[in-house]
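S.K.: Sharing run.txt (compact mmCIF, C-alpha atoms) below.
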# COMPACT_ATOMS: atom_id res chain seq x y z
CA MET M 9 -15.50 7.40 -27.30
CA GLN M 10 -18.63 7.39 -25.22
CA GLN M 11 -17.43 4.17 -23.64
CA ILE M 12 -14.20 5.80 -22.55
CA VAL M 13 -16.02 8.78 -21.06
CA PHE M 14 -18.38 6.44 -19.29
CA PHE M 15 -15.46 4.41 -17.96
CA LEU M 16 -13.65 7.53 -16.72
CA HIS M 17 -16.82 8.79 -15.09
CA LYS M 18 -17.50 5.49 -13.35
CA TYR M 19 -13.97 4.98 -12.05
CA LYS M 20 -12.94 8.60 -11.52
CA TYR M 21 -12.43 8.20 -7.78
CA PHE M 22 -10.49 4.99 -8.19
CA LEU M 23 -8.24 6.47 -10.86
CA PHE M 24 -7.63 9.54 -8.74
CA PHE M 25 -6.85 7.30 -5.77
CA LEU M 26 -4.36 5.30 -7.85
CA PHE M 27 -2.74 8.52 -9.05
CA LEU M 28 -2.18 9.80 -5.49
CA GLU M 29 -0.95 6.40 -4.28
CA PHE M 30 1.53 6.35 -7.14
CA ILE M 31 2.91 9.72 -6.01
CA ALA M 32 3.21 8.43 -2.44
CA ILE M 33 5.10 5.30 -3.55
CA ALA M 34 7.44 7.34 -5.74
CA LEU M 35 8.24 9.61 -2.78
CA THR M 36 8.85 6.58 -0.55
CA PHE M 37 11.34 5.03 -2.96
CA ASN M 38 13.09 8.35 -3.50
CA ASN M 39 13.43 8.81 0.24
CA LEU M 40 15.35 5.54 0.60
CA ASN M 41 17.89 6.73 -1.94
CA PHE M 42 20.66 8.79 -0.35
CA HIS M 43 21.06 11.32 -3.14
CA LYS M 44 17.53 11.62 -4.42
CA SER M 45 15.49 12.60 -1.37
CA LYS M 46 15.23 16.25 -2.25
CA PHE M 47 11.57 16.97 -1.72
CA VAL M 48 10.10 15.36 1.37
CA ASN M 49 12.41 15.89 4.33
CA SER M 50 12.30 17.70 7.64
CA ALA M 51 15.17 20.10 6.80
CA ASN M 52 12.93 22.76 5.26
CA PHE M 53 11.82 26.09 6.60
CA VAL M 54 8.45 25.10 8.08
CA THR M 55 9.26 21.76 9.72
CA GLY M 56 12.75 22.81 10.79
CA GLY M 57 11.42 26.00 12.32
CA LEU M 58 8.69 24.19 14.21
CA TYR M 59 11.07 21.57 15.55
CA SER M 60 13.43 24.34 16.55
CA LYS M 61 10.68 26.00 18.63
CA ALA M 62 9.80 22.70 20.26
CA THR M 63 13.43 22.01 21.12
CA ASP M 64 13.77 25.48 22.65
CA VAL M 65 11.16 24.44 25.19
CA SER M 66 12.29 20.90 25.92
CA GLU M 67 15.94 21.93 26.15
CA TYR M 68 15.40 23.35 29.63
CA LEU M 69 14.63 19.91 30.97
CA HIS M 70 18.06 18.60 29.95
CA LEU M 71 20.29 21.49 31.01
CA LYS M 72 21.76 19.49 33.87
CA ASP M 73 22.75 16.56 31.64
CA ILE M 74 24.17 18.87 29.01
CA ASN M 75 26.27 20.67 31.60
CA LYS M 76 27.64 17.43 32.92
CA GLU M 77 28.51 16.23 29.45
CA LEU M 78 30.34 19.47 28.70
CA LEU M 79 32.27 19.22 31.94
CA ASP M 80 33.26 15.63 31.14
CA GLU M 81 34.44 16.63 27.71
CA ASN M 82 36.40 19.60 29.04
CA THR M 83 38.12 17.38 31.60
CA ARG M 84 39.06 14.90 28.94
CA LEU M 85 40.43 17.59 26.64
CA ILE M 86 42.44 19.24 29.41
CA ASN M 87 43.93 15.89 30.29
CA LYS M 88 44.90 15.34 26.69
CA LEU M 89 46.48 18.75 26.52
CA GLN M 90 48.53 18.02 29.62
CA GLN M 91 49.67 14.75 28.09
CA ASN M 92 50.70 16.56 24.95
CA THR M 93 52.78 19.24 26.66
CA PHE M 94 54.45 16.59 28.77
CA MET M 95 55.36 14.59 25.70
CA LEU M 96 56.71 17.66 23.96
CA ASP M 97 58.96 18.30 26.93
CA SER M 98 60.38 14.84 27.03
CA THR M 99 60.94 14.23 23.36
CA ILE M 100 64.39 15.02 22.16
CA GLU M 101 63.45 15.90 18.65
CA VAL M 102 60.99 18.75 18.53
CA GLU M 103 59.09 18.87 15.34
CA VAL M 104 58.95 22.37 13.88
CA ILE M 105 55.71 23.08 12.16
CA ASP M 106 56.13 25.22 9.10
CA SER M 107 53.15 27.52 9.10
CA VAL M 108 53.05 27.71 5.32
CA LEU M 109 52.92 23.99 4.71
CA TYR M 110 50.83 23.18 7.74
CA HIS M 111 47.14 22.85 7.06
CA GLN M 112 44.33 22.09 9.40
CA LYS M 113 42.50 19.02 8.15
CA TYR M 114 39.17 19.18 9.97
CA ILE M 115 36.89 21.98 11.09
CA TYR M 116 34.23 21.34 13.73
CA ILE M 117 30.94 23.19 13.60
CA ASN M 118 28.65 22.92 16.61
CA ALA M 119 24.94 22.30 16.11
CA ARG M 120 21.85 21.38 18.06
CA ILE M 121 19.62 18.41 17.33
CA GLU M 122 16.09 19.59 16.58
CA LYS M 123 14.53 16.24 15.90
CA ASN M 124 15.73 12.86 17.07
CA GLU M 125 14.37 9.53 15.96
CA TYR M 126 15.49 6.01 16.80
CA SER M 127 12.50 3.70 16.71
CA SER M 128 12.02 3.14 12.99
CA GLN M 129 14.20 1.23 10.53
CA PHE M 130 15.41 4.27 8.61
CA ASN M 131 16.09 7.00 11.15
CA TYR M 132 16.90 10.62 10.37
CA LEU M 133 17.81 13.54 12.63
CA THR M 134 17.45 17.26 11.96
CA ILE M 135 20.08 19.76 13.07
CA ASN M 136 19.90 23.56 13.16
CA LYS M 137 22.88 24.41 10.96
CA GLY M 138 22.75 24.62 7.17
CA ILE M 139 24.53 26.03 4.14
CA LYS M 140 24.76 29.47 5.78
CA GLU M 141 27.05 28.02 8.47
CA GLY M 142 29.02 25.90 6.02
CA VAL M 143 27.30 22.56 6.48
CA TYR M 144 27.06 20.55 3.28
CA SER M 145 25.95 17.08 2.30
CA GLU M 146 28.10 14.08 3.33
CA MET M 147 29.73 15.53 6.42
CA ALA M 148 30.25 13.58 9.63
CA VAL M 149 28.16 14.30 12.72
CA ILE M 150 29.64 13.33 16.09
CA ASN M 151 29.43 14.32 19.73
CA SER M 152 31.78 13.96 22.66
CA LYS M 153 30.83 10.32 23.22
CA GLY M 154 30.90 9.00 19.69
CA ILE M 155 29.54 9.01 16.18
CA ILE M 156 25.98 9.95 15.28
CA GLY M 157 25.58 10.05 11.51
CA ILE M 158 26.19 11.73 8.17
CA THR M 159 24.41 14.80 6.79
CA ASP M 160 22.43 14.10 3.65
CA ASN M 161 20.01 16.93 2.85
CA VAL M 162 20.96 20.52 3.48
CA ASN M 163 18.93 23.71 3.33
CA ASN M 164 19.86 27.26 4.19
CA ASN M 165 19.31 26.93 7.92
CA TYR M 166 18.76 23.24 8.63
CA ALA M 167 20.25 19.92 7.66
CA ARG M 168 18.97 16.38 7.77
CA VAL M 169 21.29 13.71 9.16
CA GLN M 170 21.19 10.06 8.25
CA SER M 171 21.63 8.42 11.64
CA ILE M 172 23.89 5.41 12.15
CA LEU M 173 20.61 3.77 13.14
CA ASN M 174 19.57 3.60 9.51
CA LYS M 175 19.62 0.43 7.48
CA ASN M 176 21.27 2.30 4.58
CA SER M 177 24.12 3.60 6.68
CA LYS M 178 27.62 2.17 6.11
CA ILE M 179 30.59 3.59 8.01
CA ASN M 180 34.21 2.50 8.03
CA ALA M 181 35.31 1.38 11.51
CA ARG M 182 38.24 -0.44 13.06
CA VAL M 183 39.29 -2.13 16.25
CA LYS M 184 41.21 0.34 18.40
CA ASN M 185 45.01 0.04 18.26
CA SER M 186 44.95 -2.21 15.22
CA ASN M 187 44.27 -1.64 11.59
CA HIS M 188 41.72 -4.38 11.04
CA PHE M 189 38.72 -2.55 9.65
CA GLY M 190 35.18 -3.40 8.64
CA SER M 191 32.01 -1.54 7.92
CA LEU M 192 29.48 -0.51 10.50
CA GLU M 193 25.82 -1.28 9.78
CA TRP M 194 22.56 -1.59 11.65
CA ASP M 195 20.07 -4.45 11.48
CA GLY M 196 17.14 -2.34 12.65
CA LYS M 197 16.49 -4.11 15.95
CA ASP M 198 18.07 -2.59 19.06
CA TYR M 199 18.99 1.09 19.05
CA ASN M 200 21.91 0.51 21.42
CA ILE M 201 23.58 -2.14 19.28
CA VAL M 202 25.04 -1.84 15.78
CA GLN M 203 26.84 -4.47 13.72
CA LEU M 204 30.37 -4.43 12.40
CA ILE M 205 30.68 -6.67 9.34
CA ASP M 206 33.46 -7.84 7.02
CA ILE M 207 36.10 -7.63 9.72
CA PRO M 208 39.01 -9.92 8.74
CA ARG M 209 38.98 -13.34 10.37
CA GLN M 210 42.56 -13.10 11.59
CA ALA M 211 41.72 -10.08 13.72
CA ILE M 212 41.80 -10.98 17.40
CA LEU M 213 38.56 -9.80 18.94
CA LYS M 214 37.59 -9.87 22.58
CA ILE M 215 34.35 -8.82 24.21
CA GLY M 216 34.90 -5.35 25.63
CA ASP M 217 37.35 -4.19 22.94
CA THR M 218 36.80 -0.63 21.74
CA ILE M 219 35.68 0.08 18.20
CA GLU M 220 36.49 3.46 16.62
CA THR M 221 36.11 5.01 13.20
CA GLY M 222 38.76 3.95 10.73
CA GLY M 223 39.48 7.23 8.98
CA LYS M 224 39.56 5.44 5.63
CA SER M 225 36.74 7.55 4.23
CA THR M 226 36.74 11.26 3.52
CA ILE M 227 33.81 11.78 5.89
CA PHE M 228 34.83 10.66 9.37
CA PRO M 229 38.15 11.52 10.98
CA GLY M 230 39.93 8.47 12.37
CA GLY M 231 39.74 7.57 16.03
CA VAL M 232 36.26 8.81 16.87
CA PRO M 233 34.90 6.35 19.46
CA VAL M 234 31.97 4.16 18.44
CA GLY M 235 31.39 1.53 21.10
CA ILE M 236 32.58 -1.73 22.61
CA ILE M 237 32.24 -5.27 21.28
CA SER M 238 29.33 -6.91 23.05
CA LYS M 239 29.04 -10.19 21.16
CA THR M 240 31.12 -12.12 18.64
CA TYR M 241 29.84 -14.86 16.37
CA ASN M 242 32.34 -17.67 16.01
CA GLY M 243 32.43 -19.94 13.01
CA ASN M 244 32.78 -19.58 9.30
CA THR M 245 30.10 -17.14 8.39
CA VAL M 246 30.01 -15.23 5.15
CA ASN M 247 30.29 -11.78 6.61
CA ASN M 248 32.08 -12.28 9.94
CA ARG M 249 29.70 -10.17 12.00
CA ILE M 250 30.14 -8.73 15.50
CA ASP M 251 27.76 -6.76 17.69
CA VAL M 252 28.91 -3.38 18.97
CA GLN M 253 27.36 -1.65 21.96
CA LEU M 254 27.31 2.09 21.30
CA PHE M 255 28.84 4.59 23.73
CA ASN M 256 26.14 7.08 22.77
CA ASP M 257 22.64 6.74 24.06
CA MET M 258 20.97 7.49 20.73
CA SER M 259 17.65 8.22 22.40
CA ASN M 260 19.11 11.12 24.37
CA LEU M 261 21.12 13.50 22.20
CA GLY M 262 21.50 17.26 22.59
CA PHE M 263 24.40 19.11 21.03
CA VAL M 264 26.62 17.72 18.28
CA TYR M 265 29.58 18.66 16.11
CA VAL M 266 29.54 18.59 12.35
CA VAL M 267 32.96 17.70 10.99
CA LYS M 268 34.13 19.30 7.79
CA ASN M 269 37.03 17.67 5.98
CA LEU M 270 39.11 20.34 4.28
CA HIS M 271 41.04 17.85 2.19
CA LYS M 272 37.98 16.18 0.78
CA GLN M 273 38.29 17.60 -2.74
CA GLU M 274 41.96 16.71 -2.89
CA ILE M 275 41.38 13.10 -1.83
CA LYS M 276 38.35 12.69 -4.07
CA SER M 277 40.19 13.96 -7.13
CA LEU M 278 43.05 11.50 -6.49
CA GLU M 279 40.65 8.59 -6.12
CA ASN M 280 38.82 9.51 -9.29
CA THR M 281 41.94 9.63 -11.44
CA SER M 282 43.01 6.14 -10.40
CA ASN M 283 39.71 4.72 -11.53
CA GLU M 284 40.04 5.88 -15.07
CA MET C 2 -18.16 27.85 6.10
CA ASN C 3 -18.16 26.91 9.73
CA LYS C 4 -17.53 23.30 8.76
CA ILE C 5 -14.50 24.13 6.63
CA PHE C 6 -13.07 26.12 9.50
CA TYR C 7 -13.58 23.16 11.81
CA LEU C 8 -11.81 20.82 9.38
CA VAL C 9 -8.83 23.15 8.95
CA PHE C 10 -8.52 23.41 12.72
CA LEU C 11 -8.81 19.63 13.07
CA PHE C 12 -6.14 19.12 10.39
CA ILE C 13 -3.61 21.39 12.09
CA PHE C 14 -4.41 20.15 15.58
CA LEU C 15 -4.04 16.46 14.69
CA LEU C 16 -0.84 17.13 12.71
CA LEU C 17 0.85 19.03 15.54
CA LEU C 18 -0.34 16.55 18.15
CA GLN C 19 1.10 13.70 16.08
CA VAL C 20 4.52 15.13 15.24
CA LEU C 21 5.28 17.04 18.43
CA VAL C 22 3.84 14.72 21.07
CA LEU C 23 2.68 11.30 19.96
CA SER C 24 5.65 10.40 17.75
CA ASN C 25 8.03 11.05 20.64
CA ILE C 26 6.37 8.73 23.14
CA ASN C 27 8.28 5.56 22.12
CA PHE C 28 6.63 3.45 24.80
CA LEU C 29 8.91 0.43 25.57
CA GLY C 30 11.33 1.79 23.00
CA TYR C 31 9.23 1.55 19.86
CA ILE C 32 5.45 1.72 20.38
CA ASN C 33 3.85 4.93 19.13
CA PRO C 34 0.20 5.81 18.59
CA TYR C 35 -0.80 7.22 15.20
CA LEU C 36 -3.83 9.28 16.15
CA TYR C 37 -3.75 11.50 13.06
CA ILE C 38 -5.77 8.87 11.19
CA SER C 39 -8.83 9.92 13.20
CA PHE C 40 -9.03 12.68 10.59
CA VAL C 41 -10.51 10.02 8.32
CA PHE C 42 -13.17 9.16 10.90
CA PHE C 43 -14.12 12.77 11.58
CA PHE C 44 -14.32 13.93 7.96
CA PRO C 45 -18.01 14.10 6.96
CA LEU C 46 -19.27 11.76 4.25
CA LYS C 47 -20.03 13.51 1.00
CA LYS C 48 -21.07 12.48 -2.45
CA ASN C 49 -18.15 14.25 -4.06
CA ARG C 50 -15.07 12.48 -2.73
CA PHE C 51 -12.29 14.49 -4.39
CA PRO C 52 -11.85 17.04 -1.55
CA PHE C 53 -11.72 14.23 0.99
CA LEU C 54 -9.12 12.21 -0.93
CA ILE C 55 -6.93 15.27 -1.49
CA THR C 56 -7.03 16.40 2.16
CA THR C 57 -6.27 12.93 3.52
CA PHE C 58 -3.36 12.69 1.11
CA PHE C 59 -1.98 16.02 2.32
CA MET C 60 -2.55 15.03 5.93
CA GLY C 61 -0.33 11.99 5.39
CA LEU C 62 2.21 13.95 3.37
CA SER C 63 2.53 16.60 6.10
CA VAL C 64 3.23 13.90 8.66
CA ASP C 65 5.81 12.48 6.25
CA PHE C 66 7.51 15.85 6.02
CA PHE C 67 7.98 15.95 9.76
CA LEU C 68 8.93 12.33 10.30
CA ASP C 69 11.21 11.95 7.22
CA SER C 70 9.41 8.89 5.98
CA GLY C 71 9.06 9.65 2.26
CA GLY C 72 5.46 8.92 1.35
CA ILE C 73 4.62 6.09 3.72
CA HIS C 74 2.04 7.88 5.86
CA ALA C 75 0.45 9.47 2.79
CA PHE C 76 0.08 6.06 1.19
CA SER C 77 -1.48 4.33 4.17
CA ILE C 78 -3.89 7.09 5.24
CA LEU C 79 -5.04 7.55 1.65
CA PHE C 80 -5.70 3.83 1.43
CA ILE C 81 -8.03 3.76 4.43
CA GLY C 82 -9.56 7.00 3.18
CA TYR C 83 -10.47 5.29 -0.06
CA ILE C 84 -11.85 2.08 1.44
CA ARG C 85 -13.74 3.95 4.20
CA LEU C 86 -16.95 3.95 2.14
CA PHE C 87 -16.88 0.19 1.81
CA PHE C 88 -16.80 -0.21 5.59
CA VAL C 89 -19.52 2.40 6.08
CA ARG C 90 -21.73 0.34 3.79
CA LEU C 91 -20.70 -2.88 5.52
CA PHE C 92 -21.14 -1.91 9.18
CA PHE C 93 -23.71 0.90 9.17
CA LYS C 94 -25.77 -0.29 6.16
CA LYS C 95 -25.86 3.27 4.77
CA THR C 96 -26.30 4.28 1.14
CA GLU C 97 -25.49 7.55 -0.62
CA ILE C 98 -28.84 9.06 0.35
CA ASP C 99 -28.07 8.78 4.07
CA PHE C 100 -24.66 10.45 3.85
CA LEU C 101 -25.97 13.93 4.55
CA LEU C 102 -27.45 13.01 7.90
CA PHE C 103 -24.79 10.52 8.91
CA ARG C 104 -22.97 11.28 12.16
CA LEU C 105 -20.48 8.79 13.52
CA GLN C 106 -21.11 9.66 17.18
CA SER C 107 -24.84 9.04 16.96
CA GLU C 108 -24.35 5.44 15.83
CA PRO C 109 -24.37 2.54 18.34
CA PHE C 110 -21.00 1.93 19.98
CA GLY C 111 -20.60 -1.65 18.70
CA LYS C 112 -20.78 -0.53 15.08
CA ILE C 113 -18.39 2.39 15.64
CA PHE C 114 -16.00 0.02 17.35
CA ASN C 115 -15.96 -2.42 14.40
CA TYR C 116 -15.54 0.40 11.91
CA VAL C 117 -12.73 2.19 13.72
CA VAL C 118 -10.86 -0.99 14.64
CA SER C 119 -10.84 -2.38 11.11
CA LEU C 120 -9.64 0.86 9.53
CA THR C 121 -6.97 1.37 12.20
CA VAL C 122 -5.57 -2.15 11.90
CA ILE C 123 -5.45 -1.94 8.10
CA HIS C 124 -3.68 1.41 8.29
CA HIS C 125 -1.11 0.21 10.82
CA LEU C 126 -0.43 -2.99 8.91
CA ILE C 127 0.33 -1.10 5.70
CA LEU C 128 2.34 1.51 7.59
CA PHE C 129 4.59 -0.97 9.39
CA SER C 130 5.09 -3.13 6.31
CA PHE C 131 6.40 -0.06 4.52
CA ILE C 132 8.48 1.12 7.46
CA ASN C 133 10.11 -2.29 7.68
CA PHE C 134 10.53 -2.41 3.89
CA SER C 135 11.64 -6.04 3.67
CA PHE C 136 10.27 -9.51 4.25
CA ASP C 137 12.79 -10.25 6.98
CA ASN C 138 10.99 -9.36 10.19
CA ILE C 139 7.33 -10.10 9.52
CA SER C 140 6.83 -11.03 13.17
CA ASP C 141 8.06 -7.56 14.14
CA VAL C 142 5.61 -5.98 11.72
CA LEU C 143 2.69 -7.92 13.17
CA LEU C 144 3.70 -7.21 16.77
CA ASN C 145 4.16 -3.51 16.02
CA THR C 146 0.77 -3.42 14.33
CA LEU C 147 -0.89 -5.08 17.29
CA PHE C 148 0.63 -2.91 20.01
CA SER C 149 0.37 0.38 18.14
CA SER C 150 -3.23 -0.36 17.17
CA ILE C 151 -4.15 -0.96 20.79
CA PHE C 152 -2.42 2.29 21.76
CA THR C 153 -4.08 4.32 18.99
CA LEU C 154 -7.53 2.87 19.63
CA THR C 155 -7.33 3.47 23.38
CA LEU C 156 -6.40 7.10 22.80
CA TYR C 157 -9.06 7.52 20.13
CA PHE C 158 -11.89 6.15 22.26
CA ILE C 159 -10.83 8.06 25.36
CA GLY C 160 -10.54 11.25 23.28
CA SER C 161 -13.89 10.83 21.57
CA TYR C 162 -15.52 10.02 24.93
CA ILE C 163 -14.13 13.19 26.48
CA PHE C 164 -14.79 15.56 23.59
CA THR C 165 -18.29 14.41 22.68
CA LYS C 166 -21.05 16.44 24.24
CA GLU C 167 -23.64 14.60 26.24
CA GLN C 168 -26.70 14.18 24.09
Please re-express this file's structure in structure tokens.

M.R.:
Amino acid sequence: MQQIVFFLHKYKYFLFFLFLEFIAIALTFNNLNFHKSKFVNSANFVTGGLYSKATDVSEYLHLKDINKELLDENTRLINKLQQNTFMLDSTIEVEVIDSVLYHQKYIYINARIEKNEYSSQFNYLTINKGIKEGVYSEMAVINSKGIIGITDNVNNNYARVQSILNKNSKINARVKNSNHFGSLEWDGKDYNIVQLIDIPRQAILKIGDTIETGGKSTIFPGGVPVGIISKTYNGNTVNNRIDVQLFNDMSNLGFVYVVKNLHKQEIKSLENTSNE
Amino acid sequence: MNKIFYLVFLFIFLLLLQVLVLSNINFLGYINPYLYISFVFFFPLKKNRFPFLITTFFMGLSVDFFLDSGGIHAFSILFIGYIRLFFVRLFFKKTEIDFLLFRLQSEPFGKIFNYVVSLTVIHHLILFSFINFSFDNISDVLLNTLFSSIFTLTLYFIGSYIFTKEQ
């Protein structure tokens, strides 16, 4: 007994050190797991609030860019609207939308990025909308130029977003105007370039082709722009990989949209029954 | 009492400096200084090490909260906090009796340099190995360690030169 007390007394600092290190390692491993990172994240009251104050200040420096981006987006949307009305005029068969059966599929919620990060291997963003505004876990985050990430941890007022620049991120994407799809990943090197893997070999790919989201998941709507093909690797590789240059400059993000899929429950319940 | 106040102020100041300014520098795309570890250098040596270990751990954990990195910073700063005594013995040849009168700034510059450089490099090496979290890009880890260490050390020595009163 005395021996044990003596041992504890002699190594008390070392044992305490080991105990704290063990906590730190446990937190690290939990953080890499998408569903488990409940405790240590920047979407809580203190850190979110502080980042929000800091963004309030730095926002003024980017007002010009933000304005220009908004103007670009408005122009694009107006053009699309014009196209639509023109097409409605010229089509012979006008589709009548029954207001009872018609449902909106996606709702967009606007949010501001409070913290941006792109230099580490597992990047996370913080946005200023949470449960109070209807943001929940596993919702898509996009802006006018392209995709940004998926929400993972949500608090009352803030949410943490797993960026596409995260080695754990996997997003369904396809080549525009075809249905060849693959999954979008990041190798952790260049923040302008992500990788599209498992794209079928018979797909015809050219440098400069546009990549967009595939819409095969319940998170992202289809047709959100991602980037253009910047490099293809020929030959028989295991996971037919191509490099995609992002449209978004991930180091310079301001306002974003969170996309809520209203049919998510319906689709999920269908998928679950087929598995049983 | 005055000393505790000073440490609390230092804690908050270094934390805010790190998360609001230094982590957003991204020099050449990825090089950031991690100046918050100077908390370990400034904390006075004491015989009872529990308060020191706990505060360093919370220093790292607070940085983790802001940077969404799990427990990586807590792990690495606690590690250099624990082995600090070994380097004090090695470079300054001090024993437990001298701890009360020990002041880092009154030591010769060569010894301070060795002490600070070794602790910083160890911290950055552990930090970047964890951030990378695989054995794939060891060259990246080493390069990151080298560049960030240079950045951190430059800032630390400039800062300590400016803020130390002339004796």

S.K.: Between atom CA of C:Ser135 and atom CA of M:Gln129, what distance in Å does the model show, to one decimal?

M.R.: 10.3 Å

S.K.: Using only C-alpha atoms, which protein or nucleic acid residues come within 12 Å of C:Leu18? Drop anything in the same chain fewer than 3 positions from it, and give the result as a list in words.

M.R.: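 Answer for this query is Phe10, Leu11, Phe12, Ile13, Phe14, Leu15, Leu21, Val22, Leu23, Ser24, Asn25, Ile26, Pro34, Tyr35, Leu36, Tyr37, Ile38, Ser39, Val64 and Phe67 of chain C.
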
S.K.: For a quick test of understanding: name the residues of chain C lying within 7 Å of chain M when counting all atoms listed in the file, and present them as a compact mmCIF listing (two decimals) with C-alpha atoms, in the coordinates of the input.

M.R.:
# COMPACT_ATOMS: atom_id res chain seq x y z
CA GLY C 30 11.33 1.79 23.00
CA TYR C 31 9.23 1.55 19.86
CA PHE C 66 7.51 15.85 6.02
CA PHE C 67 7.98 15.95 9.76
CA LEU C 68 8.93 12.33 10.30
CA ASP C 69 11.21 11.95 7.22
CA SER C 70 9.41 8.89 5.98
CA GLY C 71 9.06 9.65 2.26
CA GLY C 72 5.46 8.92 1.35
CA ILE C 73 4.62 6.09 3.72
CA ALA C 75 0.45 9.47 2.79
CA PHE C 76 0.08 6.06 1.19
CA ILE C 132 8.48 1.12 7.46
CA ASN C 133 10.11 -2.29 7.68

S.K.: When you look at C:Ile84 with a cut-off of 12 Å (counting all atoms listed in the file), what residues show up, excluding the ones that are within fewer than 2 positions of it in the same chain? I need them as a list in words.

M.R.: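 Using all atoms listed in the file, the neighbours found are Tyr21, Phe22 and Phe25 of chain M; Val41, Phe42, Arg50, Leu54, Ser77, Ile78, Leu79, Phe80, Ile81, Gly82, Leu86, Phe87, Phe88, Val89, Arg90, Leu91, Tyr116, Ser119, Leu120, Thr121, Ile123 and His124 of chain C.
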
S.K.: What is the atom CA of M:Phe53 to atom CA of M:His70 distance in Å?

M.R.: 25.3 Å

S.K.: How far is it from atom CA of M:Gly190 to atom CA of M:Asn256, in Å with one decimal?

M.R.: 19.8 Å

S.K.: Find the residues around M:Gly262 up to 8 Å (only C-alpha atoms counted), leave out those fewer than 6 positions away in its own chain, and share them as a PyMOL selection string.

M.R.: chain M and resi 74+120-121

S.K.: For C:Tyr7, which of C:Phe43, C:Val117, C:Val20, C:Ile139 is the closest residue, counting only C-alpha atoms?

M.R.: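 Nearest to C:Tyr7: C:Phe43.
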
S.K.: If you count all atoms listed in the file, which residues fall within 8 Å of M:Ser152, apart from same-chain ones fewer than 3 positions away, as JSON, numbers by chain?

M.R.: {"M": [77, 81, 264]}

S.K.: Would you compute, for all listed atoms of stretch 28-34 of chain C, the axis-aligned bounding box grown by 8 Å on each side, and then report its centre and edge lengths in Å rounded to one decimal, as AutoDock Vina command-line options?

M.R.:
--center_x 5.8 --center_y 3.1 --center_z 22.1 --size_x 27.1 --size_y 21.4 --size_z 23.0

S.K.: With N, CA, C and O atoms as the goal, would you fill in the gaps in stretch 249-259 of chain M and present it as a compact mmCIF listing (two decimals), in the frame of the given file?

M.R.:
# COMPACT_ATOMS: atom_id res chain seq x y z
N ARG M 249 30.43 -11.29 11.42
CA ARG M 249 29.70 -10.17 12.00
C ARG M 249 29.96 -10.09 13.51
O ARG M 249 30.03 -11.12 14.17
N ILE M 250 30.09 -8.88 14.04
CA ILE M 250 30.14 -8.73 15.50
C ILE M 250 29.18 -7.63 15.93
O ILE M 250 28.91 -6.70 15.18
N ASP M 251 28.66 -7.77 17.15
CA ASP M 251 27.76 -6.76 17.69
C ASP M 251 28.56 -5.72 18.46
O ASP M 251 29.47 -6.07 19.21
N VAL M 252 28.21 -4.46 18.28
CA VAL M 252 28.91 -3.38 18.97
C VAL M 252 27.91 -2.58 19.80
O VAL M 252 26.90 -2.10 19.27
N GLN M 253 28.20 -2.47 21.08
CA GLN M 253 27.36 -1.65 21.96
C GLN M 253 27.82 -0.21 21.88
O GLN M 253 28.99 0.08 22.11
N LEU M 254 26.92 0.70 21.51
CA LEU M 254 27.31 2.09 21.30
C LEU M 254 27.62 2.80 22.61
O LEU M 254 27.00 2.54 23.63
N PHE M 255 28.59 3.73 22.57
CA PHE M 255 28.84 4.59 23.73
C PHE M 255 27.70 5.60 23.89
O PHE M 255 27.31 5.94 25.00
N ASN M 256 27.20 6.09 22.75
CA ASN M 256 26.14 7.08 22.77
C ASN M 256 24.82 6.44 23.13
O ASN M 256 24.50 5.37 22.65
N ASP M 257 24.03 7.12 23.93
CA ASP M 257 22.64 6.74 24.06
C ASP M 257 21.88 7.50 22.98
O ASP M 257 21.65 8.70 23.10
N MET M 258 21.53 6.80 21.89
CA MET M 258 20.97 7.49 20.73
C MET M 258 19.60 8.07 21.01
O MET M 258 19.09 8.86 20.22
N SER M 259 18.97 7.67 22.12
CA SER M 259 17.65 8.22 22.40
C SER M 259 17.75 9.53 23.17
O SER M 259 16.75 10.17 23.43
